[in-house]
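Peer 1: Quick one: the structure is below, and I'll ask about it shortly.
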Amino acid sequence: MTSRERAAAQAYVRLLGAVRAALAAPPGAAAPSPLLLTAPMAEADQALADAGLAGNEAELFGLVTGLHTAGTP
């Protein structure tokens, strides 16, 4: 895995964490603001483009799986 591929996979994992946090509001709470996801989405988009992975979900998911099986948070 190249450093750009690793950065893209890590950015995607951070985006997932931000989405989970935004959706973790207790029942009855106001809907989360989409603005909370603007920065993590932009970071992930840029990292994917830098790694040449934009539009290649299968390869990205393989890299993300590699991060988790290697023990990288």
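Residues in the structure tokens are named by chain (A, B, ... in the order shown) and by number from 1 within that chain; ligands are numbered from 1 in the order shown.
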Could you please write out, as a ChimeraX atom specification, every residue of chain A that DSSP assigns to alpha helix (DSSP H)?

Peer 2: /A:3-23,38-50,57-69

Peer 1: Might you pull out every residue within 8 Å of range 3-7 of chain A, with only C-alpha atoms counted and same-chain residues fewer than 6 positions away left off, and present them as a tab-separated table (two decimals) with C-alpha atoms, in the first residue's frame?

Peer 2:
```
chain	number	residue	atom	x	y	z
A	47	ALA	CA	-7.24	11.84	-0.64
A	48	LEU	CA	-9.08	9.51	-3.04
A	50	ASP	CA	-4.58	12.01	-4.91
A	51	ALA	CA	-4.34	8.22	-4.73
A	53	LEU	CA	-8.95	5.89	-6.33
A	63	LEU	CA	-7.31	-0.98	1.28
A	67	LEU	CA	-5.83	-1.28	7.41
```

Peer 1: Work out how far apart CA of Ala21 in chain A and CA of Pro40 in chain A are and give it in Å to one decimal.

Peer 2: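 Distance reported for this atom pair: 12.1 Å.
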
Peer 1: I'd like the contact shell of Val13 in chain A - 10 Å cut-off, only C-alpha atoms, skipping same-chain residues fewer than 5 positions apart - returned as a ChimeraX atom specification.

Peer 2: /A:7-8,18-19,40,44,64,67-68,73

Peer 1: Nearest to Ala49 in chain A among A:Gly66, A:Ala9, A:Leu37, A:Ala29, with distances taken over only C-alpha atoms: which residue is it?

Peer 2: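 Smallest distance to Ala49 in chain A is found for A:Ala9.
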
Peer 1: Figure out the distance between CA of Met41 in chain A and CA of Leu16 in chain A, please, to one decimal in Å.

Peer 2: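 Between these atoms lies a distance of 9.5 Å.
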
Peer 1: Using Å and a single decimal, report how far CA of Gln46 in chain A sits from CA of Ala11 in chain A.

Peer 2: 9.2 Å
